[in-house]
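To be precise, the following lines are coords37.pdb, and they hold PDB, C-alpha atoms and all ligand atoms.
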```pdb
ATOM      1  CA  MET C 504      55.571  13.938  66.591
ATOM      2  CA  SER C 505      53.043  16.493  65.242
ATOM      3  CA  GLU C 506      53.595  18.001  61.803
ATOM      4  CA  ARG C 507      56.324  20.598  61.475
ATOM      5  CA  ILE C 508      55.314  24.192  60.663
ATOM      6  CA  ARG C 509      56.373  25.054  57.109
ATOM      7  CA  VAL C 510      58.256  28.363  57.116
ATOM      8  CA  ALA C 511      59.424  30.796  54.427
ATOM      9  CA  VAL C 512      62.014  33.502  55.110
ATOM     10  CA  LEU C 513      61.978  36.805  53.176
ATOM     11  CA  GLY C 514      65.199  38.811  53.239
ATOM     12  CA  ALA C 515      67.055  35.525  53.628
ATOM     13  CA  ALA C 516      70.397  36.937  52.437
ATOM     14  CA  GLY C 517      70.352  39.769  54.969
ATOM     15  CA  ARG C 518      71.869  40.014  58.446
ATOM     16  CA  MET C 519      68.641  39.028  60.191
ATOM     17  CA  GLY C 520      67.163  36.833  57.479
ATOM     18  CA  SER C 521      70.252  34.618  57.281
ATOM     19  CA  THR C 522      70.222  34.204  61.067
ATOM     20  CA  VAL C 523      66.518  33.275  60.936
ATOM     21  CA  VAL C 524      67.238  30.692  58.219
ATOM     22  CA  GLN C 525      69.783  29.013  60.526
ATOM     23  CA  ALA C 526      67.432  29.166  63.524
ATOM     24  CA  VAL C 527      64.511  27.643  61.599
ATOM     25  CA  GLU C 528      66.745  24.901  60.197
ATOM     26  CA  ALA C 529      67.922  24.075  63.717
ATOM     27  CA  ALA C 530      64.393  23.847  65.182
ATOM     28  CA  ASP C 531      62.911  20.322  65.250
ATOM     29  CA  ASP C 532      59.313  21.543  64.984
ATOM     30  CA  LEU C 533      59.889  23.875  61.981
ATOM     31  CA  GLU C 534      60.663  23.161  58.341
ATOM     32  CA  LEU C 535      62.312  25.756  56.104
ATOM     33  CA  VAL C 536      60.521  25.470  52.756
ATOM     34  CA  ALA C 537      61.544  28.731  51.042
ATOM     35  CA  SER C 538      64.295  31.370  51.341
ATOM     36  CA  LEU C 539      63.733  34.503  49.282
ATOM     37  CA  ASP C 540      65.669  37.687  48.764
ATOM     38  CA  ALA C 541      65.271  40.823  46.652
ATOM     39  CA  SER C 542      65.008  39.421  43.130
ATOM     40  CA  ASP C 543      62.862  36.388  44.008
ATOM     41  CA  ASP C 544      59.173  35.921  43.168
ATOM     42  CA  LEU C 545      56.945  36.027  46.248
ATOM     43  CA  GLY C 546      54.842  33.305  44.604
ATOM     44  CA  ALA C 547      57.544  30.852  45.711
ATOM     45  CA  VAL C 548      56.168  31.119  49.265
ATOM     46  CA  THR C 549      52.821  29.573  48.381
ATOM     47  CA  ALA C 550      54.333  27.258  45.786
ATOM     48  CA  ALA C 551      56.459  25.785  48.590
ATOM     49  CA  GLY C 552      53.386  25.340  50.810
ATOM     50  CA  ALA C 553      54.591  27.717  53.535
ATOM     51  CA  GLN C 554      52.183  28.238  56.413
ATOM     52  CA  VAL C 555      54.167  31.074  58.007
ATOM     53  CA  ALA C 556      56.423  33.647  56.364
ATOM     54  CA  VAL C 557      59.027  35.638  58.286
ATOM     55  CA  ASP C 558      59.822  39.085  56.837
ATOM     56  CA  PHE C 559      63.154  40.759  57.613
ATOM     57  CA  THR C 560      63.483  42.865  54.480
ATOM     58  CA  VAL C 561      63.502  46.649  54.124
ATOM     59  CA  PRO C 562      60.955  49.290  55.152
ATOM     60  CA  SER C 563      60.080  50.103  51.516
ATOM     61  CA  VAL C 564      58.804  46.596  50.644
ATOM     62  CA  THR C 565      57.567  44.999  53.852
ATOM     63  CA  GLU C 566      53.988  46.296  53.722
ATOM     64  CA  ALA C 567      53.468  45.069  50.132
ATOM     65  CA  ASN C 568      54.891  41.669  51.115
ATOM     66  CA  VAL C 569      52.449  41.410  54.014
ATOM     67  CA  HIS C 570      49.387  42.259  51.872
ATOM     68  CA  ALA C 571      50.394  39.692  49.236
ATOM     69  CA  LEU C 572      50.963  37.010  51.876
ATOM     70  CA  VAL C 573      47.652  37.769  53.602
ATOM     71  CA  ASP C 574      45.905  37.413  50.216
ATOM     72  CA  ALA C 575      47.577  34.008  49.895
ATOM     73  CA  GLY C 576      46.372  32.967  53.377
ATOM     74  CA  VAL C 577      49.909  32.793  54.789
ATOM     75  CA  HIS C 578      50.496  33.925  58.410
ATOM     76  CA  VAL C 579      53.274  36.519  58.687
ATOM     77  CA  VAL C 580      55.847  37.337  61.350
ATOM     78  CA  VAL C 581      57.325  40.759  60.585
ATOM     79  CA  GLY C 582      60.538  42.054  62.092
ATOM     80  CA  THR C 583      61.158  44.743  59.499
ATOM     81  CA  THR C 584      60.827  48.239  60.920
ATOM     82  CA  GLY C 585      59.492  51.460  59.384
ATOM     83  CA  TRP C 586      55.811  50.777  60.049
ATOM     84  CA  ASP C 587      53.554  53.723  60.914
ATOM     85  CA  ASP C 588      49.959  53.803  62.151
ATOM     86  CA  ALA C 589      48.547  54.232  58.635
ATOM     87  CA  ALA C 590      50.363  51.149  57.310
ATOM     88  CA  LEU C 591      49.355  49.080  60.330
ATOM     89  CA  GLY C 592      45.753  50.265  59.851
ATOM     90  CA  ARG C 593      45.769  49.083  56.228
ATOM     91  CA  VAL C 594      46.941  45.621  57.308
ATOM     92  CA  ARG C 595      44.327  45.514  60.104
ATOM     93  CA  ASP C 596      41.591  46.377  57.568
ATOM     94  CA  HIS C 597      42.860  43.787  55.116
ATOM     95  CA  LEU C 598      42.877  41.086  57.793
ATOM     96  CA  ALA C 599      39.240  41.839  58.598
ATOM     97  CA  ASP C 600      38.460  40.281  55.187
ATOM     98  CA  ARG C 601      40.736  37.289  55.853
ATOM     99  CA  PRO C 602      39.518  35.748  59.130
ATOM    100  CA  GLY C 603      41.930  33.168  60.467
ATOM    101  CA  VAL C 604      45.070  34.787  59.064
ATOM    102  CA  GLY C 605      47.490  36.231  61.630
ATOM    103  CA  VAL C 606      50.140  38.941  61.245
ATOM    104  CA  LEU C 607      52.586  39.690  64.060
ATOM    105  CA  VAL C 608      54.602  42.890  63.636
ATOM    106  CA  ALA C 609      57.265  43.246  66.317
ATOM    107  CA  PRO C 610      59.914  45.977  66.260
ATOM    108  CA  ASN C 611      62.122  43.909  68.556
ATOM    109  CA  PHE C 612      62.156  40.143  69.124
ATOM    110  CA  ALA C 613      64.840  40.150  71.836
ATOM    111  CA  LEU C 614      63.236  39.053  75.090
ATOM    112  CA  GLY C 615      65.277  41.577  77.083
ATOM    113  CA  ALA C 616      64.148  44.438  74.856
ATOM    114  CA  VAL C 617      60.511  43.464  75.349
ATOM    115  CA  LEU C 618      61.060  43.326  79.115
ATOM    116  CA  ALA C 619      62.766  46.748  78.975
ATOM    117  CA  LEU C 620      59.626  48.084  77.311
ATOM    118  CA  ALA C 621      57.423  46.526  80.003
ATOM    119  CA  PHE C 622      59.601  47.988  82.777
ATOM    120  CA  ALA C 623      59.605  51.396  81.090
ATOM    121  CA  ARG C 624      55.839  51.373  80.834
ATOM    122  CA  GLN C 625      55.658  50.726  84.596
ATOM    123  CA  ALA C 626      58.179  53.434  85.443
ATOM    124  CA  ALA C 627      56.834  56.104  83.100
ATOM    125  CA  ARG C 628      54.171  57.606  85.347
ATOM    126  CA  TRP C 629      56.565  58.099  88.277
ATOM    127  CA  PHE C 630      59.144  60.356  86.587
ATOM    128  CA  GLU C 631      59.038  63.980  85.527
ATOM    129  CA  SER C 632      61.464  63.472  82.629
ATOM    130  CA  ALA C 633      61.801  60.652  80.097
ATOM    131  CA  GLU C 634      64.002  60.307  76.988
ATOM    132  CA  VAL C 635      65.065  57.360  74.817
ATOM    133  CA  VAL C 636      68.476  56.793  73.217
ATOM    134  CA  GLU C 637      68.950  54.034  70.641
ATOM    135  CA  LEU C 638      72.399  52.984  69.445
ATOM    136  CA  HIS C 639      72.960  50.816  66.355
ATOM    137  CA  HIS C 640      75.436  49.575  63.760
ATOM    138  CA  PRO C 641      76.047  52.112  60.961
ATOM    139  CA  ASN C 642      74.453  49.907  58.255
ATOM    140  CA  LYS C 643      70.987  50.442  59.701
ATOM    141  CA  VAL C 644      68.814  52.275  57.137
ATOM    142  CA  ASP C 645      66.133  53.788  59.388
ATOM    143  CA  ALA C 646      66.139  56.132  62.380
ATOM    144  CA  PRO C 647      65.007  56.289  65.034
ATOM    145  CA  SER C 648      64.757  52.538  65.474
ATOM    146  CA  GLY C 649      61.375  50.831  65.486
ATOM    147  CA  THR C 650      62.109  49.722  69.041
ATOM    148  CA  ALA C 651      62.789  53.264  70.246
ATOM    149  CA  GLN C 652      59.619  54.568  68.611
ATOM    150  CA  HIS C 653      57.542  51.746  70.103
ATOM    151  CA  THR C 654      59.083  52.432  73.531
ATOM    152  CA  ALA C 655      58.475  56.176  73.268
ATOM    153  CA  ARG C 656      54.836  55.576  72.320
ATOM    154  CA  ALA C 657      54.357  53.308  75.340
ATOM    155  CA  ILE C 658      55.963  55.891  77.644
ATOM    156  CA  GLY C 659      53.891  58.686  76.099
ATOM    157  CA  ALA C 660      50.673  56.712  76.606
ATOM    158  CA  ALA C 661      51.537  55.885  80.228
ATOM    159  CA  ARG C 662      52.404  59.539  80.952
ATOM    160  CA  ALA C 663      49.173  60.741  79.361
ATOM    161  CA  ALA C 664      47.110  58.170  81.295
ATOM    162  CA  ALA C 665      48.747  59.401  84.521
ATOM    163  CA  GLY C 666      47.991  63.028  83.660
ATOM    164  CA  LEU C 667      51.654  64.018  83.314
ATOM    165  CA  GLY C 668      52.475  66.981  81.099
ATOM    166  CA  ALA C 669      55.542  67.484  78.949
ATOM    167  CA  SER C 670      58.977  66.680  80.359
ATOM    168  CA  PRO C 671      60.655  69.873  81.579
ATOM    169  CA  ASP C 672      62.863  71.448  78.891
ATOM    170  CA  ALA C 673      63.963  75.065  78.721
ATOM    171  CA  THR C 674      65.971  74.547  75.510
ATOM    172  CA  SER C 675      64.690  76.823  72.772
ATOM    173  CA  THR C 676      67.714  77.512  70.563
ATOM    174  CA  GLY C 677      70.473  75.443  68.947
ATOM    175  CA  LEU C 678      71.234  73.390  65.854
ATOM    176  CA  ASP C 679      68.361  71.546  64.139
ATOM    177  CA  GLY C 680      68.074  68.007  65.480
ATOM    178  CA  ALA C 681      70.143  68.653  68.584
ATOM    179  CA  ARG C 682      67.300  67.410  70.775
ATOM    180  CA  GLY C 683      66.559  64.396  68.590
ATOM    181  CA  SER C 684      63.095  63.605  67.271
ATOM    182  CA  VAL C 685      59.923  63.662  69.340
ATOM    183  CA  VAL C 686      57.586  60.654  69.452
ATOM    184  CA  ASP C 687      54.373  61.139  71.424
ATOM    185  CA  GLY C 688      56.050  63.841  73.492
ATOM    186  CA  VAL C 689      59.187  61.784  74.228
ATOM    187  CA  HIS C 690      62.570  62.840  72.798
ATOM    188  CA  VAL C 691      64.296  60.001  70.933
ATOM    189  CA  HIS C 692      67.996  60.098  69.966
ATOM    190  CA  ALA C 693      69.745  57.862  67.433
ATOM    191  CA  VAL C 694      73.463  56.930  67.520
ATOM    192  CA  ARG C 695      75.173  55.033  64.644
ATOM    193  CA  LEU C 696      78.573  53.598  65.534
ATOM    194  CA  ARG C 697      80.837  50.929  64.038
ATOM    195  CA  GLY C 698      81.042  47.974  66.415
ATOM    196  CA  LEU C 699      77.514  48.277  67.789
ATOM    197  CA  VAL C 700      74.669  45.833  67.062
ATOM    198  CA  ALA C 701      71.399  47.040  68.704
ATOM    199  CA  HIS C 702      71.135  48.886  72.011
ATOM    200  CA  GLU C 703      68.603  51.044  73.819
ATOM    201  CA  GLU C 704      68.712  53.258  76.895
ATOM    202  CA  ILE C 705      65.511  54.512  78.455
ATOM    203  CA  LEU C 706      66.237  57.428  80.766
ATOM    204  CA  PHE C 707      63.915  58.613  83.533
ATOM    205  CA  GLY C 708      64.668  61.585  85.772
ATOM    206  CA  ASN C 709      63.289  63.157  88.907
ATOM    207  CA  ALA C 710      64.817  65.777  91.186
ATOM    208  CA  GLY C 711      67.883  64.105  92.694
ATOM    209  CA  GLU C 712      67.532  60.683  91.003
ATOM    210  CA  GLN C 713      67.728  58.894  87.668
ATOM    211  CA  LEU C 714      66.571  55.484  86.482
ATOM    212  CA  THR C 715      68.250  54.009  83.393
ATOM    213  CA  ILE C 716      66.862  50.895  81.745
ATOM    214  CA  ARG C 717      69.359  49.552  79.219
ATOM    215  CA  HIS C 718      69.147  46.648  76.831
ATOM    216  CA  ASP C 719      71.989  45.372  74.622
ATOM    217  CA  SER C 720      71.808  42.924  71.750
ATOM    218  CA  PHE C 721      75.452  41.939  71.148
ATOM    219  CA  ASP C 722      74.562  39.316  68.551
ATOM    220  CA  ARG C 723      71.572  38.722  66.253
ATOM    221  CA  VAL C 724      71.025  35.324  67.858
ATOM    222  CA  SER C 725      69.404  37.366  70.662
ATOM    223  CA  PHE C 726      66.363  37.880  68.439
ATOM    224  CA  MET C 727      65.882  34.210  67.540
ATOM    225  CA  PRO C 728      63.920  32.854  70.545
ATOM    226  CA  GLY C 729      61.375  35.635  70.016
ATOM    227  CA  VAL C 730      61.180  35.080  66.252
ATOM    228  CA  LEU C 731      60.661  31.326  66.680
ATOM    229  CA  LEU C 732      58.034  31.942  69.366
ATOM    230  CA  GLY C 733      56.249  34.256  66.941
ATOM    231  CA  VAL C 734      56.379  31.612  64.189
ATOM    232  CA  ARG C 735      54.896  29.004  66.536
ATOM    233  CA  ARG C 736      52.147  31.294  67.862
ATOM    234  CA  VAL C 737      51.087  33.496  64.933
ATOM    235  CA  GLY C 738      48.686  30.919  63.499
ATOM    236  CA  ALA C 739      46.681  31.075  66.725
ATOM    237  CA  LEU C 740      46.617  34.894  66.717
ATOM    238  CA  PRO C 741      44.200  35.895  63.947
ATOM    239  CA  GLY C 742      44.217  39.577  62.981
ATOM    240  CA  LEU C 743      47.041  42.029  63.629
ATOM    241  CA  THR C 744      49.254  41.865  66.718
ATOM    242  CA  VAL C 745      51.796  44.659  67.215
ATOM    243  CA  GLY C 746      54.607  43.888  69.646
ATOM    244  CA  LEU C 747      55.981  40.632  71.040
ATOM    245  CA  GLU C 748      54.866  41.808  74.497
ATOM    246  CA  HIS C 749      51.347  40.597  73.622
ATOM    247  CA  VAL C 750      52.661  37.113  72.862
ATOM    248  CA  LEU C 751      54.671  37.100  76.114
ATOM    249  CA  ASP C 752      51.654  38.310  78.122
ATOM    250  CA  LEU C 753      53.488  41.547  78.988
ATOM    251  CA  GLY C 754      51.266  43.846  76.909
TER
HETATM  252  N1  LIG R   1      62.267  43.056  64.973
HETATM  253  C1  LIG R   1      63.525  42.783  65.329
HETATM  254  O1  LIG R   1      63.787  42.152  66.364
HETATM  255  C2  LIG R   1      64.632  43.249  64.448
HETATM  256  C3  LIG R   1      64.335  43.996  63.347
HETATM  257  N2  LIG R   1      65.302  44.357  62.482
HETATM  258  C4  LIG R   1      64.860  45.006  61.259
HETATM  259  O2  LIG R   1      64.891  44.028  60.233
HETATM  260  C5  LIG R   1      65.111  44.673  58.982
HETATM  261  C6  LIG R   1      66.264  43.996  58.279
HETATM  262  O3  LIG R   1      67.446  44.249  58.992
HETATM  263  P1  LIG R   1      68.840  43.621  58.496
HETATM  264  O4  LIG R   1      68.714  42.146  58.351
HETATM  265  O5  LIG R   1      69.875  44.184  59.377
HETATM  266  O6  LIG R   1      68.957  44.278  57.044
HETATM  267  P2  LIG R   1      69.754  43.728  55.772
HETATM  268  O7  LIG R   1      69.915  44.901  54.843
HETATM  269  O8  LIG R   1      70.956  42.963  56.181
HETATM  270  O9  LIG R   1      68.727  42.676  55.110
HETATM  271  C7  LIG R   1      67.618  43.007  54.365
HETATM  272  C8  LIG R   1      67.496  41.985  53.248
HETATM  273  O10 LIG R   1      66.246  42.141  52.606
HETATM  274  C9  LIG R   1      66.475  41.907  51.211
HETATM  275  N3  LIG R   1      65.355  42.440  50.432
HETATM  276  C10 LIG R   1      65.162  43.690  49.950
HETATM  277  N4  LIG R   1      64.015  43.746  49.251
HETATM  278  C11 LIG R   1      63.469  42.507  49.300
HETATM  279  C12 LIG R   1      62.284  41.929  48.767
HETATM  280  N5  LIG R   1      61.424  42.647  48.038
HETATM  281  N6  LIG R   1      62.031  40.620  49.016
HETATM  282  C13 LIG R   1      62.884  39.870  49.741
HETATM  283  N7  LIG R   1      64.030  40.369  50.264
HETATM  284  C14 LIG R   1      64.311  41.668  50.046
HETATM  285  C15 LIG R   1      67.817  42.588  50.954
HETATM  286  O11 LIG R   1      68.397  42.169  49.727
HETATM  287  C16 LIG R   1      68.590  42.127  52.174
HETATM  288  O12 LIG R   1      69.214  40.884  51.942
HETATM  289  C17 LIG R   1      65.333  46.153  59.295
HETATM  290  O13 LIG R   1      64.117  46.852  59.114
HETATM  291  C18 LIG R   1      65.705  46.140  60.771
HETATM  292  O14 LIG R   1      65.384  47.345  61.413
HETATM  293  C19 LIG R   1      66.608  44.032  62.700
HETATM  294  C20 LIG R   1      66.972  43.339  63.806
HETATM  295  C21 LIG R   1      66.005  42.887  64.778
HETATM  296  O1  LIG R   2      68.274  47.387  62.285
HETATM  297  C1  LIG R   2      68.554  46.751  63.341
HETATM  298  O2  LIG R   2      69.639  46.227  63.518
HETATM  299  C2  LIG R   2      67.518  46.638  64.369
HETATM  300  N1  LIG R   2      66.340  47.083  64.108
HETATM  301  C3  LIG R   2      65.207  47.005  64.957
HETATM  302  C4  LIG R   2      64.710  48.395  65.292
HETATM  303  O3  LIG R   2      64.733  49.280  64.425
HETATM  304  O4  LIG R   2      64.235  48.598  66.405
HETATM  305  C5  LIG R   2      65.421  46.117  66.152
HETATM  306  C6  LIG R   2      66.802  46.162  66.719
HETATM  307  O5  LIG R   2      66.971  47.377  67.355
HETATM  308  C7  LIG R   2      67.841  45.946  65.633
END
```

Once more with this new file: its structure as C-alpha cells, please.
Ligand SMILES: NC(=O)C1=CN([C@@H]2O[C@H](COP(=O)(O)OP(=O)(O)OC[C@H]3O[C@@H](n4cnc5c(N)ncnc54)[C@H](O)[C@@H]3O)[C@@H](O)[C@H]2O)C=CC1
Ligand SMILES: O=C(O)C1=N[C@H](C(=O)O)C[C@H](O)C1
Amino acid sequence: MSERIRVAVLGAAGRMGSTVVQAVEAADDLELVASLDASDDLGAVTAAGAQVAVDFTVPSVTEANVHALVDAGVHVVVGTTGWDDAALGRVRDHLADRPGVGVLVAPNFALGAVLALAFARQAARWFESAEVVELHHPNKVDAPSGTAQHTARAIGAARAAAGLGASPDATSTGLDGARGSVVDGVHVHAVRLRGLVAHEEILFGNAGEQLTIRHDSFDRVSFMPGVLLGVRRVGALPGLTVGLEHVLDLG
C-alpha cells in the first residue's frame, strides 16, 4: 500500500471539524496527525509532519491560518466560509511565491450542493427571474451562507454572459432587508431555524412556470466525501482552487 497522507484538522472541536476528524480516522489512505482548536499553536501542524491541513474554523481566523500554512509548505483544504474576493486574491498572490503548494477553498463539500450549483448555472440563462434562499441551523455565525453567495455569483455570471438584465422587481418600499441581500444582481435570503442543518433553494421563474432546485444536508456526514476528495487531490492542484466543482470536473 502507498504511504498514507498525513492530515491535520483545524477547528477539530467544532461541529464540522469533529466530523472531519472521524472521517479521516476512518479512511485507510489518510492518517490524522494533528487536531487543533482555538487555543492551540498552529506550529503543531508542521511539527506533526502534516502534508494537508483541513480548516473548519471561523471566518475571522481562516485567512491567517491559510497564509501560515502556505508559508510552511502545507496544502490546505478550507471549508470555512466568509471569504471575499480580496482575501482570495491575497492567497492567490501568496501562492505565486510558493509553487507546488495547493489551497482548495470550497463553500460547500456536499456533492449534491455542488451539483445544484452546476444545474443552476445551466438554468440561469433561460429564466427571467432568479433568487436564492439558504436555510441553516441558528448557530451559524455568517449570513448569507458561503454556498448561497457562490451560487448567486455563478447565476449572475451566467445571466450576464447571456445578456440578461436585472430580474423584474417593482418593489421600491418596505422594511430594510425585506428583499434580502443582493449578490451580483441576485437576491439572496437567509433563514435561521432550530432543527435545520444546511439547505438551499434556487428559484427560477418565467411567465407561467417555475423551476426550483433544492439541496438538503440533513447531517454533516454529507460533507465528508467531498472533504476527503479534496484532501486526496489538493496536493496535485497547485495554486488556488475555489469550489469543489473544479475537482469534480463540473466547473
Ligand atoms: N464548506 C462546507 O462544506 C461547510 C462549511 N462550513 C463552514 O465551516 C465553518 C465551521 O462551521 P462549524 O463547524 O459549524 O462551526 P463551529 O463553531 O462548530 O466550529 C468552529 C471551531 O473552530 C474553532 N476555532 C476558532 N478559532 C480557531 C483557531 N484560531 N484555530 C483553530 N480552531 C479555531 C472553534 O473553537 C470551534 O471549535 C463555518 O464557516 C461554516 O460556514 C460548515 C459546514 C459545511
Ligand atoms: O455553517 C454551516 O453549517 C454551513 N456553512 C456553509 C456555508 O456557509 O455555505 C456550507 C453549508 O451550507 C453549511

**Message:** Taking all atoms listed in the file into account, list the residues no farther than 9 Å from ligand LIG 2 (chain R), as a PyMOL selection string.
**Reply:** chain C and resi 518-519+582-585+609-613+616+637-640+642-653+700-703+720+723+726

**Request:** Find the spatial neighbours of region 570-572 of chain C, counting only C-alpha atoms, within a cut-off of 9 Å - ignore same-chain residues fewer than 4 positions away - and output them as a PyMOL selection string.
**Result:** chain C and resi 545+548-549+556+565-566+576-579+593-594+597-598

Compile the contact shell of region 618-628 of chain C as a short mmCIF file (atom, residue, chain, number, x, y, z; two decimals) with C-alpha atoms, in the frame of the given file: residues with an atom at most 9 Å away, counting only C-alpha atoms, same-chain residues fewer than 2 positions apart removed.
```
data_model
loop_
_atom_site.label_atom_id
_atom_site.label_comp_id
_atom_site.auth_asym_id
_atom_site.auth_seq_id
_atom_site.Cartn_x
_atom_site.Cartn_y
_atom_site.Cartn_z
CA ALA C 613 64.84 40.15 71.84
CA LEU C 614 63.24 39.05 75.09
CA GLY C 615 65.28 41.58 77.08
CA ALA C 616 64.15 44.44 74.86
CA PHE C 630 59.14 60.36 86.59
CA GLU C 631 59.04 63.98 85.53
CA SER C 632 61.46 63.47 82.63
CA ALA C 633 61.80 60.65 80.10
CA THR C 650 62.11 49.72 69.04
CA HIS C 653 57.54 51.75 70.10
CA THR C 654 59.08 52.43 73.53
CA ALA C 657 54.36 53.31 75.34
CA ILE C 658 55.96 55.89 77.64
CA GLY C 659 53.89 58.69 76.10
CA ALA C 660 50.67 56.71 76.61
CA ALA C 661 51.54 55.88 80.23
CA ARG C 662 52.40 59.54 80.95
CA ALA C 663 49.17 60.74 79.36
CA ALA C 664 47.11 58.17 81.30
CA ALA C 665 48.75 59.40 84.52
CA GLY C 666 47.99 63.03 83.66
CA LEU C 667 51.65 64.02 83.31
CA GLU C 703 68.60 51.04 73.82
CA ILE C 705 65.51 54.51 78.46
CA LEU C 706 66.24 57.43 80.77
CA PHE C 707 63.92 58.61 83.53
CA LEU C 714 66.57 55.48 86.48
CA ILE C 716 66.86 50.90 81.74
CA ARG C 717 69.36 49.55 79.22
CA HIS C 718 69.15 46.65 76.83
CA GLU C 748 54.87 41.81 74.50
CA LEU C 753 53.49 41.55 78.99
CA GLY C 754 51.27 43.85 76.91
#
```

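When only C-alpha atoms and all ligand atoms are used to measure the gap to ligand LIG 1 (chain R), the shortest distance among C:Asp722, C:Glu712, C:Asp588, C:Asp532 belongs to C:Asp722.
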
**Request:** Between C:Leu731, C:Ala551, C:Leu591, C:Ser684, single out the one closest to ligand LIG 1 (chain R), counting only C-alpha atoms and all ligand atoms.
**Result:** C:Leu731

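Rounded to one decimal, CA of Asp574 (chain C) and CA of Ala550 (chain C) lie 13.9 Å from each other.
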
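For the atom pair formed by atom C21 of ligand LIG 1 (chain R) and CA of Val523 (chain C), the distance is 10.4 Å, given to one decimal.
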
Just need the box for ligand LIG 1 (chain R), edges along x, y and z, holding every atom the file lists for it with 5 Å tacked onto each side, so centre and edge lengths in Å to one decimal, as lines of an AutoDock Vina configuration file.
```
center_x = 66.2
center_y = 43.6
center_z = 57.2
size_x = 19.5
size_y = 17.5
size_z = 28.3
```

Rebuild region 506-517 of chain C to N, CA, C and O atoms - output it as a short mmCIF file (atom, residue, chain, number, x, y, z; two decimals), in the coordinates of the input, please.
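Saved the output as out_29.cif:
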```cif
data_model
loop_
_atom_site.label_atom_id
_atom_site.label_comp_id
_atom_site.auth_asym_id
_atom_site.auth_seq_id
_atom_site.Cartn_x
_atom_site.Cartn_y
_atom_site.Cartn_z
N GLU C 506 52.99 17.50 63.05
CA GLU C 506 53.60 18.00 61.80
C GLU C 506 54.40 19.26 62.04
O GLU C 506 54.01 20.12 62.83
N ARG C 507 55.50 19.39 61.33
CA ARG C 507 56.32 20.60 61.48
C ARG C 507 55.66 21.78 60.76
O ARG C 507 54.96 21.59 59.75
N ILE C 508 55.86 22.97 61.30
CA ILE C 508 55.31 24.19 60.66
C ILE C 508 56.22 24.54 59.48
O ILE C 508 57.45 24.63 59.63
N ARG C 509 55.59 24.74 58.32
CA ARG C 509 56.37 25.05 57.11
C ARG C 509 56.61 26.57 57.03
O ARG C 509 55.65 27.37 57.03
N VAL C 510 57.87 26.96 56.97
CA VAL C 510 58.26 28.36 57.12
C VAL C 510 59.00 28.87 55.89
O VAL C 510 59.88 28.18 55.35
N ALA C 511 58.65 30.09 55.47
CA ALA C 511 59.42 30.80 54.43
C ALA C 511 60.10 32.00 55.06
O ALA C 511 59.53 32.64 55.96
N VAL C 512 61.29 32.33 54.60
CA VAL C 512 62.01 33.50 55.11
C VAL C 512 62.23 34.49 53.97
O VAL C 512 62.78 34.12 52.92
N LEU C 513 61.77 35.73 54.15
CA LEU C 513 61.98 36.80 53.18
C LEU C 513 63.09 37.72 53.69
O LEU C 513 63.07 38.11 54.86
N GLY C 514 64.01 38.06 52.81
CA GLY C 514 65.20 38.81 53.24
C GLY C 514 66.27 37.84 53.70
O GLY C 514 67.12 38.19 54.53
N ALA C 515 66.22 36.63 53.13
CA ALA C 515 67.06 35.52 53.63
C ALA C 515 68.55 35.75 53.48
O ALA C 515 69.35 35.08 54.13
N ALA C 516 68.95 36.68 52.60
CA ALA C 516 70.40 36.94 52.44
C ALA C 516 70.89 38.03 53.38
O ALA C 516 72.09 38.32 53.42
N GLY C 517 69.98 38.64 54.11
CA GLY C 517 70.35 39.77 54.97
C GLY C 517 70.91 39.32 56.32
O GLY C 517 70.97 38.12 56.61
#
```
